[in-house]
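As provided, entry-v4.cif (mmCIF, C-alpha atoms) reads as follows.
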```cif
data_my_file
loop_
_atom_site.group_PDB
_atom_site.id
_atom_site.type_symbol
_atom_site.label_atom_id
_atom_site.label_comp_id
_atom_site.auth_asym_id
_atom_site.auth_seq_id
_atom_site.Cartn_x
_atom_site.Cartn_y
_atom_site.Cartn_z
ATOM 1 C CA MET H 266 80.157 115.838 86.463
ATOM 2 C CA ASP H 267 83.001 118.138 87.527
ATOM 3 C CA LEU H 268 84.845 115.178 89.049
ATOM 4 C CA ILE H 269 84.218 113.043 85.977
ATOM 5 C CA GLU H 270 85.336 115.721 83.547
ATOM 6 C CA ASN H 271 88.435 116.711 85.515
ATOM 7 C CA ARG H 272 89.674 113.221 86.401
ATOM 8 C CA LYS H 273 92.617 112.049 84.321
ATOM 9 C CA SER H 274 95.247 109.360 84.411
ATOM 10 C CA VAL H 275 98.392 110.628 86.126
ATOM 11 C CA ARG H 276 101.700 108.772 85.961
ATOM 12 C CA GLN H 277 104.150 111.292 87.399
ATOM 13 C CA TYR H 278 103.976 111.830 91.155
ATOM 14 C CA SER H 279 105.566 114.204 93.632
ATOM 15 C CA GLU H 280 107.222 113.046 96.857
ATOM 16 C CA LYS H 281 104.263 114.208 98.959
ATOM 17 C CA ARG H 282 102.844 111.346 101.025
ATOM 18 C CA ILE H 283 99.193 110.358 101.144
ATOM 19 C CA SER H 284 97.815 110.125 104.667
ATOM 20 C CA ASP H 285 96.182 106.927 105.874
ATOM 21 C CA GLU H 286 92.992 108.879 106.529
ATOM 22 C CA ILE H 287 92.734 109.882 102.868
ATOM 23 C CA LEU H 288 93.610 106.375 101.701
ATOM 24 C CA LYS H 289 90.826 104.975 103.873
ATOM 25 C CA GLN H 290 88.325 107.403 102.348
ATOM 26 C CA ILE H 291 89.303 106.290 98.845
ATOM 27 C CA LEU H 292 89.069 102.623 99.823
ATOM 28 C CA ASN H 293 85.722 103.157 101.504
ATOM 29 C CA ALA H 294 84.353 104.545 98.242
ATOM 30 C CA GLY H 295 85.236 101.222 96.620
ATOM 31 C CA ARG H 296 83.697 99.269 99.481
ATOM 32 C CA LEU H 297 80.412 101.135 99.010
ATOM 33 C CA ALA H 298 80.231 100.637 95.229
ATOM 34 C CA PRO H 299 77.269 98.791 93.660
ATOM 35 C CA SER H 300 77.389 95.021 93.943
ATOM 36 C CA TRP H 301 74.989 92.514 92.377
ATOM 37 C CA MET H 302 72.887 90.957 95.166
ATOM 38 C CA ASN H 303 75.434 92.516 97.534
ATOM 39 C CA SER H 304 77.877 89.695 96.783
ATOM 40 C CA GLN H 305 80.906 92.053 96.948
ATOM 41 C CA PRO H 306 83.371 89.628 95.292
ATOM 42 C CA TRP H 307 86.359 91.870 95.849
ATOM 43 C CA HIS H 308 89.274 92.644 98.103
ATOM 44 C CA PHE H 309 91.598 95.652 98.029
ATOM 45 C CA ILE H 310 95.182 95.494 99.256
ATOM 46 C CA VAL H 311 97.088 98.716 99.937
ATOM 47 C CA VAL H 312 100.774 98.437 99.078
ATOM 48 C CA LYS H 313 103.304 100.979 100.318
ATOM 49 C CA LYS H 314 106.525 98.946 100.656
ATOM 50 C CA GLN H 315 108.936 99.609 97.826
ATOM 51 C CA GLU H 316 109.944 95.973 97.495
ATOM 52 C CA THR H 317 106.333 94.969 96.833
ATOM 53 C CA LYS H 318 105.733 97.895 94.477
ATOM 54 C CA ASP H 319 108.782 96.799 92.484
ATOM 55 C CA LEU H 320 107.278 93.327 92.156
ATOM 56 C CA LEU H 321 103.907 94.757 91.098
ATOM 57 C CA CYS H 322 105.725 96.882 88.530
ATOM 58 C CA LYS H 323 107.077 93.672 86.979
ATOM 59 C CA LEU H 324 103.577 92.195 87.071
ATOM 60 C CA SER H 325 102.331 95.204 85.080
ATOM 61 C CA ASN H 326 104.855 94.639 82.287
ATOM 62 C CA ASN H 327 107.154 97.207 83.879
ATOM 63 C CA GLN H 328 104.863 100.226 83.880
ATOM 64 C CA PRO H 329 107.125 102.620 85.862
ATOM 65 C CA HIS H 330 104.382 104.554 87.670
ATOM 66 C CA VAL H 331 103.528 101.390 89.617
ATOM 67 C CA ARG H 332 106.992 101.495 91.137
ATOM 68 C CA LEU H 333 106.990 105.280 91.609
ATOM 69 C CA ALA H 334 103.514 105.744 93.110
ATOM 70 C CA ASP H 335 103.115 106.675 96.749
ATOM 71 C CA SER H 336 100.668 103.811 97.232
ATOM 72 C CA VAL H 337 99.175 101.088 95.054
ATOM 73 C CA ILE H 338 95.748 99.552 95.573
ATOM 74 C CA VAL H 339 95.740 95.981 94.305
ATOM 75 C CA CYS H 340 92.200 95.185 93.147
ATOM 76 C CA VAL H 341 91.371 91.522 93.594
ATOM 77 C CA ALA H 342 88.436 89.570 92.187
ATOM 78 C CA ASP H 343 87.577 87.244 95.045
ATOM 79 C CA ASN H 344 85.653 84.164 93.956
ATOM 80 C CA ASN H 345 85.549 82.990 97.561
ATOM 81 C CA ALA H 346 82.623 85.405 97.854
ATOM 82 C CA TRP H 347 80.537 82.990 95.776
ATOM 83 C CA SER H 348 80.904 79.992 98.075
ATOM 84 C CA LYS H 349 77.569 78.744 99.358
ATOM 85 C CA GLU H 350 78.561 79.591 102.913
ATOM 86 C CA VAL H 351 79.744 83.153 102.251
ATOM 87 C CA PHE H 352 77.121 84.080 99.644
ATOM 88 C CA GLY H 353 74.449 82.436 101.754
ATOM 89 C CA GLN H 354 75.359 84.627 104.726
ATOM 90 C CA VAL H 355 75.170 87.730 102.524
ATOM 91 C CA LEU H 356 71.689 86.769 101.319
ATOM 92 C CA LYS H 357 70.594 85.941 104.854
ATOM 93 C CA ALA H 358 71.753 89.386 105.999
ATOM 94 C CA ARG H 359 69.384 90.819 103.390
ATOM 95 C CA GLY H 360 66.530 89.086 105.146
ATOM 96 C CA MET H 361 66.147 86.083 102.847
ATOM 97 C CA LYS H 362 64.838 82.819 104.249
ATOM 98 C CA ASP H 363 66.763 79.551 103.871
ATOM 99 C CA GLU H 364 64.343 78.202 101.277
ATOM 100 C CA ALA H 365 64.742 81.301 99.070
ATOM 101 C CA ILE H 366 68.521 81.154 99.416
ATOM 102 C CA ASP H 367 68.601 77.491 98.428
ATOM 103 C CA ASN H 368 66.439 78.296 95.410
ATOM 104 C CA ILE H 369 68.735 81.113 94.232
ATOM 105 C CA MET H 370 71.675 78.719 94.321
ATOM 106 C CA THR H 371 69.948 76.481 91.769
ATOM 107 C CA ILE H 372 69.553 79.274 89.186
ATOM 108 C CA PRO H 373 72.636 79.806 86.961
ATOM 109 C CA ALA H 374 71.772 83.429 86.208
ATOM 110 C CA TYR H 375 71.790 84.203 89.934
ATOM 111 C CA TYR H 376 74.553 81.875 91.071
ATOM 112 C CA PRO H 377 77.559 82.008 88.680
ATOM 113 C CA PRO H 378 79.417 78.952 90.080
ATOM 114 C CA LEU H 379 76.807 76.820 88.324
ATOM 115 C CA LEU H 380 78.231 78.099 85.030
ATOM 116 C CA GLY H 381 81.875 77.286 85.828
ATOM 117 C CA ASP H 382 85.019 79.008 87.090
ATOM 118 C CA GLU H 383 85.505 81.245 84.047
ATOM 119 C CA THR H 384 82.002 82.722 84.195
ATOM 120 C CA THR H 385 82.264 83.166 87.948
ATOM 121 C CA LEU H 386 85.501 85.103 87.505
ATOM 122 C CA LEU H 387 83.902 87.284 84.821
ATOM 123 C CA ARG H 388 81.028 88.169 87.170
ATOM 124 C CA SER H 389 83.548 89.075 89.862
ATOM 125 C CA VAL H 390 85.610 91.187 87.457
ATOM 126 C CA GLU H 391 82.447 92.988 86.368
ATOM 127 C CA GLN H 392 81.815 94.134 89.921
ATOM 128 C CA VAL H 393 85.407 95.006 90.783
ATOM 129 C CA THR H 394 85.315 97.538 87.953
ATOM 130 C CA TYR H 395 82.463 99.393 89.674
ATOM 131 C CA ALA H 396 84.546 99.735 92.822
ATOM 132 C CA ILE H 397 87.577 100.951 90.866
ATOM 133 C CA ALA H 398 85.495 103.674 89.213
ATOM 134 C CA TYR H 399 84.198 104.840 92.585
ATOM 135 C CA MET H 400 87.726 104.981 94.013
ATOM 136 C CA THR H 401 89.043 107.051 91.098
ATOM 137 C CA LEU H 402 86.300 109.633 91.626
ATOM 138 C CA GLU H 403 86.820 109.815 95.380
ATOM 139 C CA ALA H 404 90.554 110.216 94.814
ATOM 140 C CA GLU H 405 89.824 113.094 92.443
ATOM 141 C CA ARG H 406 87.527 114.699 95.022
ATOM 142 C CA LEU H 407 90.307 114.495 97.609
ATOM 143 C CA GLY H 408 92.938 115.936 95.265
ATOM 144 C CA VAL H 409 94.805 112.651 94.843
ATOM 145 C CA SER H 410 95.911 111.631 91.363
ATOM 146 C CA CYS H 411 95.638 108.062 90.153
ATOM 147 C CA CYS H 412 95.970 105.724 87.213
ATOM 148 C CA VAL H 413 94.156 102.455 86.579
ATOM 149 C CA ILE H 414 96.669 99.757 85.679
ATOM 150 C CA GLY H 415 95.703 96.992 83.273
ATOM 151 C CA ALA H 416 97.788 94.680 81.066
ATOM 152 C CA LEU H 417 98.693 92.567 84.083
ATOM 153 C CA GLY H 418 99.909 89.051 84.341
ATOM 154 C CA ASN H 419 97.031 87.048 85.794
ATOM 155 C CA GLU H 420 94.658 84.129 85.218
ATOM 156 C CA VAL H 421 92.774 86.116 82.580
ATOM 157 C CA THR H 422 95.675 87.272 80.403
ATOM 158 C CA LYS H 423 97.718 84.124 81.121
ATOM 159 C CA ILE H 424 100.947 86.119 80.782
ATOM 160 C CA LEU H 425 103.849 86.399 83.239
ATOM 161 C CA PRO H 426 102.738 83.283 85.139
ATOM 162 C CA GLU H 427 105.832 83.074 87.344
ATOM 163 C CA ILE H 428 105.648 86.724 88.387
ATOM 164 C CA SER H 429 101.897 86.391 88.898
ATOM 165 C CA LYS H 430 102.437 83.477 91.282
ATOM 166 C CA GLU H 431 105.172 85.369 93.122
ATOM 167 C CA ALA H 432 102.917 88.417 93.514
ATOM 168 C CA LYS H 433 99.973 86.340 94.725
ATOM 169 C CA ASP H 434 102.201 84.571 97.252
ATOM 170 C CA LYS H 435 103.558 87.915 98.431
ATOM 171 C CA LEU H 436 100.025 89.236 98.920
ATOM 172 C CA ASN H 437 98.802 86.017 100.556
ATOM 173 C CA LEU H 438 96.212 85.346 97.842
ATOM 174 C CA ASN H 439 94.780 81.912 97.104
ATOM 175 C CA ASP H 440 93.745 80.157 93.892
ATOM 176 C CA ASN H 441 90.214 81.590 94.073
ATOM 177 C CA GLN H 442 91.533 85.151 94.030
ATOM 178 C CA CYS H 443 92.793 87.004 90.961
ATOM 179 C CA ILE H 444 94.610 90.338 90.673
ATOM 180 C CA ILE H 445 92.456 92.122 88.115
ATOM 181 C CA SER H 446 93.824 95.634 88.198
ATOM 182 C CA MET H 447 95.807 98.090 90.264
ATOM 183 C CA LEU H 448 95.273 101.713 91.138
ATOM 184 C CA THR H 449 98.394 103.840 91.501
ATOM 185 C CA LEU H 450 97.994 106.833 93.801
ATOM 186 C CA GLY H 451 100.017 109.960 94.417
ATOM 187 C CA TYR H 452 100.005 113.731 94.117
ATOM 188 C CA GLU H 453 100.599 114.979 90.589
ATOM 189 C CA LYS H 454 104.174 116.151 90.136
ATOM 190 C CA GLU H 455 103.389 118.919 87.656
ATOM 191 C CA PRO H 456 99.623 119.579 87.592
ATOM 192 C CA GLN H 457 98.132 119.709 84.116
ATOM 193 C CA PRO H 458 94.524 120.295 83.021
ATOM 194 C CA SER H 459 92.463 117.339 81.917
ATOM 195 C CA ASN H 460 92.331 116.831 78.155
ATOM 196 C CA LYS H 461 89.896 113.999 77.580
ATOM 197 C CA MET H 462 89.806 112.445 74.131
ATOM 198 C CA ARG H 463 86.521 110.569 73.875
ATOM 199 C CA LYS H 464 84.321 109.413 71.020
ATOM 200 C CA ASP H 465 81.482 111.758 70.072
ATOM 201 C CA PHE H 466 78.167 111.374 71.900
ATOM 202 C CA ASP H 467 76.304 110.083 68.836
ATOM 203 C CA GLU H 468 79.007 107.502 68.175
ATOM 204 C CA VAL H 469 78.437 105.678 71.447
ATOM 205 C CA ILE H 470 74.838 106.582 72.373
ATOM 206 C CA SER H 471 71.670 105.363 70.636
ATOM 207 C CA LEU H 472 67.966 105.552 71.359
ATOM 208 C CA GLU H 473 66.000 102.280 71.393
ATOM 209 C CA LYS H 474 68.350 100.583 68.908
ATOM 210 C CA LEU H 475 71.900 100.821 67.614
ATOM 211 C CA GLY H 476 72.407 103.668 65.153
ATOM 212 C CA GLN H 477 69.310 105.669 66.075
ATOM 213 C CA LYS H 478 70.230 109.058 67.520
ATOM 214 C CA PHE H 479 69.172 110.055 70.995
#
```

Have the structure of the file written as structure tokens, please.
Amino acid sequence: MDLIENRKSVRQYSEKRISDEILKQILNAGRLAPSWMNSQPWHFIVVKKQETKDLLCKLSNNQPHVRLADSVIVCVADNNAWSKEVFGQVLKARGMKDEAIDNIMTIPAYYPPLLGDETTLLRSVEQVTYAIAYMTLEAERLGVSCCVIGALGNEVTKILPEISKEAKDKLNLNDNQCIISMLTLGYEKEPQPSNKMRKDFDEVISLEKLGQKF
């Protein structure tokens, strides 16, 4: 709870560099996040080069902290993870037999590609968000400040298509992969206490049904 309460979005960073060891710990937290049926439909690309950060800044509708961060983690929803070959290997590693695997791939609720590309992407996005949350908390634990970047040009928002294509080409991404979010990382330039503004408990929490207090 201390990490959750103290974590905040930071957009101003000092010139102090983040070591690769610390970056790997943050990334590993994302790798170990919950994943439905262990599908892990994600990939995380660490960007340090200024030229690439400048491009990602454009992709984010020119949010300056993308350009100014020490490092940026590009969070990718990877629909390649749902291919029968890849997903099948994941299920097999869990100890499932071929017959059970084949059966799962006939059930739309268990195998999103049966419901189309849009639904498959939504299921991937859902899981990428878990990993992002884990990385923000591990960054906080390690004293690294971060900010989750949304409002991107991508296949979901359908904005900035030319920049989106340029960024995907730069990062060597294919048509089955979508940049969902980014995580800017750095050490806070002028440390400030967290001042969370959240809705009241009773406004967002109910017991048994909407509107009934817990």

message: If we count only C-alpha atoms and set the cut-off at 12 Å, which residues sit around Lys314 in chain H, ignoring sequence neighbours fewer than 6 positions away in its own chain? Please answer as an MDAnalysis selection string.
response: chainID H and resid 320:321 331:338 435:436

message: Rounded to one decimal, what separation in Å do you get between CA of Phe352 in chain H and CA of Ser300 in chain H?
response: 12.3 Å

message: Applying 7 Å and only C-alpha atoms, which residues near range 340-345 of chain H remain after dropping the ones on its own chain fewer than 6 positions away? List them as a PyMOL selection string.
response: chain H and resi 306-310+385-386+389-390+393+441-447

query: Which residue gives the smallest distance to Gln392 in chain H among H:Arg359, H:Glu286, H:Asp434, H:Gly295, with only C-alpha atoms counted?
result: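 When distances to Gln392 in chain H are compared using only C-alpha atoms, the smallest one comes from H:Gly295.
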
- request: Could you tell me which of H:Glu405, H:Asp465, H:Glu427, H:Glu473 comes closest to Lys273 in chain H if we count all atoms listed in the file?
  value: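 Selected residue with least distance to Lys273 in chain H: H:Glu405.
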
- prompt: Could you state the separation of CA of Thr394 in chain H and CA of Asp382 in chain H in Å, given to one decimal place?
  reply: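 Between these atoms lies a distance of 18.6 Å.
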
Is there a way to complete range 399-421 of chain H with N, CA, C and O atoms and then write that out as an mmCIF file, keeping the file's coordinate frame?
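Result written to rebuild_0.cif:
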```
data_model
loop_
_atom_site.group_PDB
_atom_site.id
_atom_site.type_symbol
_atom_site.label_atom_id
_atom_site.label_comp_id
_atom_site.auth_asym_id
_atom_site.auth_seq_id
_atom_site.Cartn_x
_atom_site.Cartn_y
_atom_site.Cartn_z
ATOM 1 N N TYR H 399 84.532 104.029 91.407
ATOM 2 C CA TYR H 399 84.198 104.840 92.585
ATOM 3 C C TYR H 399 85.459 105.376 93.256
ATOM 4 O O TYR H 399 85.509 106.531 93.693
ATOM 5 N N MET H 400 86.494 104.543 93.355
ATOM 6 C CA MET H 400 87.726 104.981 94.013
ATOM 7 C C MET H 400 88.421 106.083 93.226
ATOM 8 O O MET H 400 88.977 107.018 93.813
ATOM 9 N N THR H 401 88.403 105.995 91.889
ATOM 10 C CA THR H 401 89.043 107.051 91.098
ATOM 11 C C THR H 401 88.357 108.396 91.311
ATOM 12 O O THR H 401 89.022 109.437 91.369
ATOM 13 N N LEU H 402 87.032 108.378 91.436
ATOM 14 C CA LEU H 402 86.300 109.633 91.626
ATOM 15 C C LEU H 402 86.510 110.194 93.028
ATOM 16 O O LEU H 402 86.617 111.411 93.205
ATOM 17 N N GLU H 403 86.561 109.327 94.024
ATOM 18 C CA GLU H 403 86.820 109.815 95.380
ATOM 19 C C GLU H 403 88.242 110.353 95.496
ATOM 20 O O GLU H 403 88.482 111.366 96.170
ATOM 21 N N ALA H 404 89.182 109.697 94.827
ATOM 22 C CA ALA H 404 90.554 110.216 94.814
ATOM 23 C C ALA H 404 90.589 111.614 94.201
ATOM 24 O O ALA H 404 91.227 112.529 94.732
ATOM 25 N N GLU H 405 89.891 111.785 93.091
ATOM 26 C CA GLU H 405 89.824 113.094 92.443
ATOM 27 C C GLU H 405 89.230 114.133 93.384
ATOM 28 O O GLU H 405 89.727 115.259 93.488
ATOM 29 N N ARG H 406 88.177 113.766 94.083
ATOM 30 C CA ARG H 406 87.527 114.699 95.022
ATOM 31 C C ARG H 406 88.490 115.129 96.125
ATOM 32 O O ARG H 406 88.462 116.281 96.566
ATOM 33 N N LEU H 407 89.366 114.215 96.516
ATOM 34 C CA LEU H 407 90.307 114.495 97.609
ATOM 35 C C LEU H 407 91.622 115.085 97.123
ATOM 36 O O LEU H 407 92.538 115.312 97.915
ATOM 37 N N GLY H 408 91.725 115.328 95.807
ATOM 38 C CA GLY H 408 92.938 115.936 95.265
ATOM 39 C C GLY H 408 94.082 114.965 95.064
ATOM 40 O O GLY H 408 95.236 115.377 94.903
ATOM 41 N N VAL H 409 93.781 113.682 95.052
ATOM 42 C CA VAL H 409 94.805 112.651 94.843
ATOM 43 C C VAL H 409 94.726 112.166 93.399
ATOM 44 O O VAL H 409 93.654 111.855 92.902
ATOM 45 N N SER H 410 95.871 112.100 92.746
ATOM 46 C CA SER H 410 95.911 111.631 91.363
ATOM 47 C C SER H 410 96.046 110.119 91.324
ATOM 48 O O SER H 410 96.586 109.506 92.253
ATOM 49 N N CYS H 411 95.565 109.518 90.243
ATOM 50 C CA CYS H 411 95.638 108.062 90.153
ATOM 51 C C CYS H 411 95.696 107.615 88.697
ATOM 52 O O CYS H 411 95.470 108.396 87.779
ATOM 53 N N CYS H 412 95.976 106.340 88.541
ATOM 54 C CA CYS H 412 95.970 105.724 87.213
ATOM 55 C C CYS H 412 95.555 104.273 87.368
ATOM 56 O O CYS H 412 96.074 103.562 88.235
ATOM 57 N N VAL H 413 94.594 103.852 86.564
ATOM 58 C CA VAL H 413 94.156 102.455 86.579
ATOM 59 C C VAL H 413 95.136 101.634 85.743
ATOM 60 O O VAL H 413 95.404 101.968 84.588
ATOM 61 N N ILE H 414 95.654 100.582 86.342
ATOM 62 C CA ILE H 414 96.669 99.757 85.679
ATOM 63 C C ILE H 414 96.054 98.467 85.179
ATOM 64 O O ILE H 414 95.514 97.669 85.951
ATOM 65 N N GLY H 415 96.119 98.258 83.868
ATOM 66 C CA GLY H 415 95.703 96.992 83.273
ATOM 67 C C GLY H 415 96.917 96.277 82.707
ATOM 68 O O GLY H 415 98.044 96.518 83.128
ATOM 69 N N ALA H 416 96.703 95.426 81.725
ATOM 70 C CA ALA H 416 97.788 94.680 81.066
ATOM 71 C C ALA H 416 98.645 93.927 82.075
ATOM 72 O O ALA H 416 99.872 93.931 82.013
ATOM 73 N N LEU H 417 97.980 93.291 83.036
ATOM 74 C CA LEU H 417 98.693 92.567 84.083
ATOM 75 C C LEU H 417 98.870 91.095 83.731
ATOM 76 O O LEU H 417 98.119 90.531 82.939
ATOM 77 N N GLY H 418 99.822 90.489 84.390
ATOM 78 C CA GLY H 418 99.909 89.051 84.341
ATOM 79 C C GLY H 418 98.931 88.476 85.350
ATOM 80 O O GLY H 418 99.011 88.782 86.538
ATOM 81 N N ASN H 419 97.996 87.675 84.888
ATOM 82 C CA ASN H 419 97.031 87.048 85.794
ATOM 83 C C ASN H 419 96.362 85.856 85.100
ATOM 84 O O ASN H 419 96.735 85.471 83.997
ATOM 85 N N GLU H 420 95.337 85.298 85.756
ATOM 86 C CA GLU H 420 94.658 84.129 85.218
ATOM 87 C C GLU H 420 93.841 84.441 83.964
ATOM 88 O O GLU H 420 93.483 83.534 83.200
ATOM 89 N N VAL H 421 93.545 85.713 83.754
ATOM 90 C CA VAL H 421 92.774 86.116 82.580
ATOM 91 C C VAL H 421 93.684 86.272 81.360
ATOM 92 O O VAL H 421 93.426 85.728 80.290
#
```
